[in-house]
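Below you'll find the structure, written out as structure tokens, and then a few comments.
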Amino acid sequence: MEVTCLLLLALIPFHCRGQGVYAPAQAQIVHAGQACVVKEDNISERVYTIREGDTLVLQCLVTGHPRPQVRWTKTAGSASDKFQETSVFNETLRIERIARTQGGRYYCKAENGVGVPAIKSIRVDVQYLDEPVLTVHQTVSDVRGNFYQEKTVFLRCTVNSNPPARFIWKRGSDTLSHSQDNGVDIYEPLYTQGETKVLKLKNLRPQDYASYTCQVSVRNVCGIPDKAITFRLTNTTAPPALKLSVNETLVVNPGENVTVQCLLTGGDPLPQLQWSHGPGPLPLGALAQSGTLSIPSVQARDSGYYNCTATNNVGNPAKKTVNLLVRSMKNATFQITPDVIKESENIQLGQDLKLSCHVDAVPQEKVTYQWFKNGKPARMSKRLLVTRNDPELPAVTSSLELIDLHFSDYGTYLCVASFPGAPVPDLSVEVNISSETVPPTISVPKGRAVVTVREGSPAELQCEVRGKPRPPVLWSRVDKEAALLPSGLPLEETPDGKLRLEHVSRDMSGTYRCQTARYNGFNVRPREAQVQLNVQFPPEVEPSSQDVRQALGRPVLLRCSLLRGSPQRIASAVWRFKGQLLPPPPAVPVAAEAPDHSELRLDAVTRDSSGSYECSISNDVGSATCLFQVSAKAYSPEFYFDTPNPTRSHKLSKNYSYVLQWTQREPDAVDPLLNYRLSVRQLNQHNAMVKAIPVRRVEKGQLLEYILTDLRVPHSYEVRLTPYTTFGAGDMASRIIHYTEHNTCHFEDEKICGYTQDLTDNFDWTRQNALTQNPKRSPNTGPPTDISGTPEGYYMFIETSRPRELGDRARLVSPLYNASAKFYCVSFFYHMYGKHIGSLNLLVRSRNKGALDTHAWSLSGNKGNVWQQAHVPINPSGPFQIIFEGVRGSGYLGDIAIDDVTLKKGECPRKQMDPNKVVVMPGSGAPRQPHPQLWGPMVIFLLALQR
């Protein structure tokens, strides 16, 4: 069998048409998912609506040669955002469980290197309807001079939806409106978030105490059902009220167990209580239950605001807040301020001096400070003043001022911060004042102003601080484009003046500033210095990989360029061929600039000189490699995907043929093509049919064609095509051929070529043949067999017997076709025999701007017991489907059948295919005959076997 197929394959003529078929990309977006509505808005824009949670499928139908590549994007971001297991580079974009935030404009960009890319867009509108929220508000005002109260109640119903929701208010089961009840107003308030409708009950009456229902609807768009919420209004309805078991500010010691009760004092219906913490969630181990909040063994990190909220949808939620303060102290710091009045930065006898002490504490205002000199409490005097809350210093800071500094004032001063009576350890800081106490200076050690390290290594930047006391050093970056340190902070403190960096990268290069901190030192203008960090990294080269094609005997120049690196110079360049070291290229003269590239020239491409070339460029830190693949191999073929009618099926033999078309990529780049090696393998099998296809001079853009025959229905095949030159085999291209009957459908397959039954009609078309038809069917109606005349052949028909009635319609819808031509011809055979025959209509459903059905052809009445053919011209404006509509006549003798539906590009034939057959207008037709071109090769093959 394999030899037979190979011989038959060899007998099919090879065609080569010299026409330029390179064409820029064209694209068209169609919706193939669970779209609810396809509509046009005011600016003729395509808008596809889909229900939230459904699956969105967008198809970008493309034409052009070579085959365009597709990429999907979305307004204000990539189309891949929040997509689940989908590629944004496929022609089909799929979004499972689409969310409302994923609505918007989607763009399909198709490009193939010919002309400008094709960009099409589509707007997706996601429909949803949330559960409505009903809240009740009431106002009470005293009317002076009367012994009664006027009470007005507002029922506010709010919902989020797309499209805007419609509201219906009901009291019990009765719908409320202005006209029916003077005590009711229904209106939309201004400045509300979401959609809101208010029911106002004016001057409450006894009948107003009832159950009220707010029903919201989006009018069943996308099948979204209505939603409703009900509230029972009584004479005891009231908003929630709360009180706390503790004060609003609660100060506790660390380690204590804290319990706060939130008590309900009012509210009908019974409010719901909830505790929250700001910022962040409740502490780990905290328990909130029935309005009681318990925090065991509280710590300083648990400080913050705790909110108790009660809601019952009446009035505003009631809220009580507890500010929990856990006593703590940390970060004791000091500052030395020389005489500010004389703007001195040095300590001098006879001038004023101020020592300041501060701790970060909770609660800050409860901290007390004590000053000691040389171990004894400092005594207040005219020359020694202790102040608190200096406006020039942080809040709750204690300052000790020495007026007219004397030699006797030198000594050790101690500041002690404490919480009186609380089990929190004191914090203290010590300051020594003497003739040796001098302001700081800062400098960079010799030889450390510029630090050079390799990428990935650690680095240490150092600044030396002198003075007594010696303050910490703050580091920052000088470069405006890199304002943050590698740690991600704008400032970083180092007590020893050293900034240590681990695994430095090239983006850490730049200038760093070191400066003295004001705390734990002199409160004077900071001293600063700068350190330059240079990070060396290996070179980056271009091209990293390049495919070089050239005809045999022609020269080739290979060039490897240094793009960037540190240092930015080439220290050495080494060339290798197939891993073997090559002699170095000619050296650059000493007087010339340092080169930024290295070149290798091949005088002629030969079989021996073809192969892999490597150029390794170094810059004393590392190296990078340019890889060149040099050969005289031909480029791969480019399969043509817009072939008219590529599949030709043969109904009698159960075989089909395929018109394979392609162009050759850059045929002039190498030696002339001699032939192609064709390999055809049925999927899931190992054996392949192989054949050599000779060619003459192949030009760029020339369309080559070969007809594959004896392909078995419904199997798919892998086709491999390899070009050959005098050099040998070139690059192979492969594609999968699927059996489809989108162009000619004989209805032999149970899948009926992708046709589907319309869900909006009255009944369905039926697939049958002479063997499966009902033997008791009505006589004098319907065909005895399909168009081939064999009992095994299938066709589609409408059964008009009971329970069918006059005017009932059955619709058969084709798959979606991409409009790659201006004109098409729909050819089909029909059988309309019986005295009650109704009508057969052909409709075209255009998907260019929403689904629009237009009549293209129609025929009614009895046409005799014969198959006849119709040719119907159509010119769709975009992606389209064809629809066969059978309409039931006045009785049961009205079966209509169709068979052998063909869709072809171009105009319909003007002459009759066979003058002996009946023709029906418009168009002309003939019953389908077996393909005669298959018998010639078969006869030759049988004669060869007899010999």
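Going through the structure tokens in order, the chains are called A, B, and so on, while each chain numbers its residues from 1 and the ligands are numbered from 1 in the order shown.
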
With only C-alpha atoms as the counted atoms, please give the residues lying no more than 9 Å from region 894-899 of chain A, apart from itself and same-chain residues fewer than 3 positions off, as number ranges by chain. A: 745-747, 765, 781-783, 786-787, 794-801, 828-840, 861-862, 867, 884, 886-891

With only C-alpha atoms as the basis for distance, which of A:Leu893, A:Glu430, A:Leu414, A:Cys36 is at the shortest distance from Ser778 (chain A)? A:Leu893

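Computed from the coordinates, the CA of Thr292 (chain A) to CA of Ala422 (chain A) distance equals 26.2 Å.
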
Find the residues around region 693-699 of chain A up to 7 Å (only C-alpha atoms counted), leave out those fewer than 3 positions away in its own chain, and share them as a PyMOL selection string. chain A and resi 667+672-677+702

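Here CA of Gly113 (chain A) stands at a distance of 12.1 Å from CA of Gln26 (chain A).
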
Env of Pro240 (chain A): 9 Å cut, atoms = only C-alpha atoms, seq-sep filter 2 positions within chain, self excluded. Answer as a ChimeraX atom specification. /A:238,242,264-271,310-318

Any chance you could export the current selection's N, CA and C atoms as an mmCIF file, in the first residue's frame?
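What follows is the written file again12.cif:
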```
data_model
loop_
_atom_site.group_PDB
_atom_site.id
_atom_site.type_symbol
_atom_site.label_atom_id
_atom_site.label_comp_id
_atom_site.auth_asym_id
_atom_site.auth_seq_id
_atom_site.Cartn_x
_atom_site.Cartn_y
_atom_site.Cartn_z
ATOM 1 N N ALA A 238 -34.815 50.663 65.083
ATOM 2 C CA ALA A 238 -33.924 51.702 65.601
ATOM 3 C C ALA A 238 -32.492 51.378 65.204
ATOM 4 N N LEU A 242 -23.973 51.829 71.118
ATOM 5 C CA LEU A 242 -22.898 51.090 71.788
ATOM 6 C C LEU A 242 -22.365 51.858 72.977
ATOM 7 N N LEU A 264 -24.009 46.438 73.541
ATOM 8 C CA LEU A 264 -25.121 46.994 72.785
ATOM 9 C C LEU A 264 -26.118 47.645 73.736
ATOM 10 N N THR A 265 -26.502 48.889 73.435
ATOM 11 C CA THR A 265 -27.516 49.571 74.242
ATOM 12 C C THR A 265 -28.778 49.871 73.440
ATOM 13 N N GLY A 266 -28.802 49.467 72.176
ATOM 14 C CA GLY A 266 -29.995 49.705 71.369
ATOM 15 C C GLY A 266 -29.809 49.150 69.972
ATOM 16 N N GLY A 267 -30.936 49.074 69.245
ATOM 17 C CA GLY A 267 -30.884 48.593 67.874
ATOM 18 C C GLY A 267 -31.899 47.518 67.604
ATOM 19 N N ASP A 268 -32.696 47.701 66.561
ATOM 20 C CA ASP A 268 -33.673 46.711 66.134
ATOM 21 C C ASP A 268 -33.790 46.819 64.608
ATOM 22 N N PRO A 269 -33.492 45.742 63.880
ATOM 23 C CA PRO A 269 -33.120 44.370 64.281
ATOM 24 C C PRO A 269 -31.813 44.326 65.074
ATOM 25 N N LEU A 270 -31.563 43.169 65.691
ATOM 26 C CA LEU A 270 -30.383 42.998 66.527
ATOM 27 C C LEU A 270 -29.120 43.228 65.700
ATOM 28 N N PRO A 271 -28.289 44.203 66.097
ATOM 29 C CA PRO A 271 -27.093 44.509 65.308
ATOM 30 C C PRO A 271 -26.037 43.402 65.397
ATOM 31 N N ALA A 310 -21.055 48.235 65.099
ATOM 32 C CA ALA A 310 -22.343 47.534 65.147
ATOM 33 C C ALA A 310 -23.181 47.971 63.955
ATOM 34 N N THR A 311 -23.717 47.005 63.221
ATOM 35 C CA THR A 311 -24.534 47.307 62.043
ATOM 36 C C THR A 311 -25.813 46.474 62.077
ATOM 37 N N ASN A 312 -26.907 47.107 61.699
ATOM 38 C CA ASN A 312 -28.164 46.375 61.478
ATOM 39 C C ASN A 312 -28.929 46.967 60.304
ATOM 40 N N ASN A 313 -28.219 47.718 59.429
ATOM 41 C CA ASN A 313 -28.781 48.337 58.231
ATOM 42 C C ASN A 313 -29.826 49.393 58.548
ATOM 43 N N VAL A 314 -29.853 49.862 59.788
ATOM 44 C CA VAL A 314 -30.730 50.966 60.177
ATOM 45 C C VAL A 314 -29.844 52.125 60.603
ATOM 46 N N GLY A 315 -30.030 53.262 59.963
ATOM 47 C CA GLY A 315 -29.184 54.401 60.287
ATOM 48 C C GLY A 315 -27.736 54.128 59.909
ATOM 49 N N ASN A 316 -26.853 54.896 60.523
ATOM 50 C CA ASN A 316 -25.430 54.693 60.299
ATOM 51 C C ASN A 316 -24.901 53.669 61.288
ATOM 52 N N PRO A 317 -23.889 52.918 60.902
ATOM 53 C CA PRO A 317 -23.285 51.983 61.858
ATOM 54 C C PRO A 317 -22.773 52.721 63.093
ATOM 55 N N ALA A 318 -22.944 52.087 64.261
ATOM 56 C CA ALA A 318 -22.403 52.639 65.501
ATOM 57 C C ALA A 318 -20.963 52.174 65.664
#
```

Got a sec to tell me which of region 354-429 of chain A DSSP assigns to helix (DSSP H, G or I), as a PyMOL selection string? chain A and resi 364-366+407-409

Of the residues A:Leu683, A:Val690, A:Val252, A:Val367, which is the one nearest to Pro714 (chain A), using only C-alpha atoms? A:Leu683

What is the CA of Arg681 (chain A)-CA of Arg735 (chain A) distance in Å, reported with one decimal?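 Calculated distance between CA of Arg681 (chain A) and CA of Arg735 (chain A) is 10.9 Å.
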
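Minimum distance to Glu345 (chain A) across A:Val438, A:Leu806, A:Val114, A:Leu384 (counting only C-alpha atoms) occurs at A:Val438.
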
Excluding same-chain residues fewer than 5 positions from region 469-481 of chain A, what lies within 10 Å of it counting only C-alpha atoms, as a PyMOL selection string? chain A and resi 335-336+431-433+436-442+461-464+486+489-499+508-522+526-532

Those selected residues, please, written with N, CA and C atoms and delivered as a short mmCIF file (atom, residue, chain, number, x, y, z; two decimals), in the first residue's frame.
```
data_model
loop_
_atom_site.label_atom_id
_atom_site.label_comp_id
_atom_site.auth_asym_id
_atom_site.auth_seq_id
_atom_site.Cartn_x
_atom_site.Cartn_y
_atom_site.Cartn_z
N GLN A 335 21.76 65.23 72.11
CA GLN A 335 22.34 66.23 71.22
C GLN A 335 23.07 67.28 72.07
N ILE A 336 24.19 67.77 71.54
CA ILE A 336 24.96 68.84 72.17
C ILE A 336 24.83 70.07 71.27
N VAL A 431 26.53 61.74 78.60
CA VAL A 431 27.23 62.74 77.79
C VAL A 431 28.39 63.29 78.61
N ASN A 432 29.60 63.28 78.01
CA ASN A 432 30.78 63.80 78.70
C ASN A 432 31.15 65.15 78.12
N ILE A 433 31.21 66.16 78.96
CA ILE A 433 31.55 67.52 78.55
C ILE A 433 32.90 67.87 79.19
N GLU A 436 38.04 68.29 75.91
CA GLU A 436 38.29 67.39 74.78
C GLU A 436 37.04 67.15 73.93
N THR A 437 35.90 67.67 74.38
CA THR A 437 34.67 67.52 73.61
C THR A 437 34.70 68.50 72.44
N VAL A 438 34.82 67.95 71.23
CA VAL A 438 34.96 68.79 70.04
C VAL A 438 33.98 68.31 68.98
N PRO A 439 33.52 69.19 68.08
CA PRO A 439 32.59 68.78 67.02
C PRO A 439 33.27 67.82 66.06
N PRO A 440 32.43 67.06 65.27
CA PRO A 440 33.00 66.01 64.43
C PRO A 440 33.57 66.56 63.12
N THR A 441 34.45 65.78 62.54
CA THR A 441 34.91 65.95 61.15
C THR A 441 34.78 64.60 60.47
N ILE A 442 34.61 64.63 59.14
CA ILE A 442 34.45 63.38 58.40
C ILE A 442 35.30 63.44 57.14
N LEU A 461 32.18 50.56 51.54
CA LEU A 461 32.45 51.99 51.44
C LEU A 461 32.71 52.53 52.84
N GLN A 462 33.75 53.36 52.99
CA GLN A 462 34.18 53.75 54.34
C GLN A 462 34.39 55.26 54.41
N CYS A 463 33.89 55.85 55.52
CA CYS A 463 34.16 57.24 55.87
C CYS A 463 34.61 57.27 57.32
N GLU A 464 35.64 58.06 57.63
CA GLU A 464 36.17 58.14 58.99
C GLU A 464 35.63 59.39 59.66
N PRO A 486 20.94 50.40 47.93
CA PRO A 486 20.64 49.00 47.59
C PRO A 486 19.69 48.32 48.57
N LEU A 489 16.25 51.76 51.08
CA LEU A 489 15.96 52.89 51.95
C LEU A 489 16.68 54.12 51.43
N PRO A 490 16.12 55.32 51.70
CA PRO A 490 16.82 56.54 51.28
C PRO A 490 18.03 56.85 52.15
N LEU A 491 17.98 56.44 53.42
CA LEU A 491 19.09 56.66 54.36
C LEU A 491 19.39 55.37 55.09
N GLU A 492 20.66 55.17 55.41
CA GLU A 492 21.06 54.00 56.18
C GLU A 492 22.14 54.41 57.17
N GLU A 493 21.94 54.01 58.43
CA GLU A 493 22.87 54.40 59.51
C GLU A 493 23.92 53.31 59.74
N THR A 494 25.17 53.73 59.90
CA THR A 494 26.26 52.81 60.24
C THR A 494 27.02 53.40 61.43
N PRO A 495 27.12 52.69 62.54
CA PRO A 495 27.83 53.24 63.71
C PRO A 495 29.33 53.38 63.49
N ASP A 496 29.92 52.54 62.63
CA ASP A 496 31.36 52.60 62.41
C ASP A 496 31.75 53.32 61.14
N GLY A 497 30.77 53.90 60.41
CA GLY A 497 31.10 54.65 59.21
C GLY A 497 31.32 53.80 57.98
N LYS A 498 31.01 52.49 58.03
CA LYS A 498 31.24 51.60 56.89
C LYS A 498 29.90 51.11 56.34
N LEU A 499 29.71 51.30 55.02
CA LEU A 499 28.52 50.81 54.34
C LEU A 499 28.90 49.53 53.61
N MET A 508 24.30 49.47 40.93
CA MET A 508 24.75 50.08 42.17
C MET A 508 25.90 51.06 41.95
N SER A 509 26.42 51.11 40.73
CA SER A 509 27.50 52.06 40.44
C SER A 509 27.00 53.47 40.65
N GLY A 510 27.90 54.36 41.15
CA GLY A 510 27.53 55.76 41.34
C GLY A 510 28.23 56.36 42.52
N THR A 511 27.75 57.56 42.90
CA THR A 511 28.35 58.33 43.99
C THR A 511 27.49 58.18 45.24
N TYR A 512 28.16 57.91 46.36
CA TYR A 512 27.50 57.74 47.66
C TYR A 512 27.97 58.85 48.60
N ARG A 513 27.03 59.38 49.40
CA ARG A 513 27.33 60.44 50.35
C ARG A 513 27.32 59.89 51.76
N CYS A 514 28.34 60.25 52.55
CA CYS A 514 28.34 59.93 53.99
C CYS A 514 28.30 61.25 54.75
N GLN A 515 27.50 61.33 55.82
CA GLN A 515 27.37 62.55 56.60
C GLN A 515 27.13 62.20 58.06
N THR A 516 27.54 63.15 58.95
CA THR A 516 27.36 62.92 60.39
C THR A 516 25.91 63.13 60.77
N ALA A 517 25.43 62.30 61.72
CA ALA A 517 24.07 62.43 62.23
C ALA A 517 24.03 63.47 63.34
N ARG A 518 22.90 64.16 63.46
CA ARG A 518 22.76 65.19 64.51
C ARG A 518 22.58 64.58 65.89
N TYR A 519 21.98 63.39 65.96
CA TYR A 519 21.77 62.80 67.28
C TYR A 519 23.02 62.04 67.74
N ASN A 520 23.12 61.87 69.06
CA ASN A 520 24.29 61.24 69.68
C ASN A 520 25.58 61.96 69.27
N GLY A 521 25.48 63.27 69.16
CA GLY A 521 26.63 64.08 68.78
C GLY A 521 26.25 65.55 68.82
N PHE A 522 26.99 66.36 68.11
CA PHE A 522 26.76 67.79 68.07
C PHE A 522 25.58 68.13 67.17
N PRO A 526 25.65 69.22 59.40
CA PRO A 526 26.31 67.93 59.18
C PRO A 526 27.57 68.08 58.34
N ARG A 527 28.58 67.29 58.69
CA ARG A 527 29.77 67.17 57.87
C ARG A 527 29.56 66.02 56.89
N GLU A 528 30.06 66.16 55.66
CA GLU A 528 29.81 65.11 54.68
C GLU A 528 31.01 64.91 53.77
N ALA A 529 31.03 63.73 53.12
CA ALA A 529 32.06 63.38 52.14
C ALA A 529 31.41 62.45 51.12
N GLN A 530 32.14 62.12 50.05
CA GLN A 530 31.58 61.29 48.98
C GLN A 530 32.55 60.18 48.60
N VAL A 531 31.96 59.01 48.21
CA VAL A 531 32.72 57.86 47.75
C VAL A 531 32.14 57.41 46.42
N GLN A 532 33.01 57.14 45.45
CA GLN A 532 32.59 56.68 44.14
C GLN A 532 32.72 55.16 44.07
#
```

Just the residues within 8 Å of Gln299 (chain A), please, counting only C-alpha atoms, with nothing from its chain fewer than 2 positions along; format it as JSON, numbers by chain. {"A": [254, 255, 297, 301, 302, 303, 326]}

Selected residue, from A:Leu353, A:Ala300, A:Ser877, A:Tyr410, that lies nearest to Arg383 (chain A) when counting only C-alpha atoms: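 Going through A:Leu353, A:Ala300, A:Ser877, A:Tyr410 one by one, the smallest distance to Arg383 (chain A) is for A:Leu353.
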
Selection: 10 Å around Val574 (chain A), only C-alpha atoms, excl. self and same-chain fewer than 5 positions, as a JSON list (two decimals) with C-alpha atoms, in the first residue's frame:
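The resulting part_37.json:
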```json
[["chain", "number", "residue", "atom", "x", "y", "z"],
["A", 581, "LEU", "CA", 41.24, 28.12, 17.83],
["A", 582, "LEU", "CA", 41.76, 30.32, 14.73],
["A", 583, "PRO", "CA", 44.72, 32.63, 14.06],
["A", 584, "PRO", "CA", 44.09, 36.10, 15.51],
["A", 585, "PRO", "CA", 42.73, 38.75, 13.13],
["A", 598, "SER", "CA", 36.35, 42.32, 16.15],
["A", 614, "GLU", "CA", 32.55, 31.80, 17.90],
["A", 615, "CYS", "CA", 34.10, 35.14, 18.88],
["A", 616, "SER", "CA", 34.93, 35.52, 22.58],
["A", 617, "ILE", "CA", 35.45, 39.16, 23.62],
["A", 618, "SER", "CA", 37.02, 39.91, 27.04],
["A", 625, "THR", "CA", 30.53, 35.24, 22.89]]
```
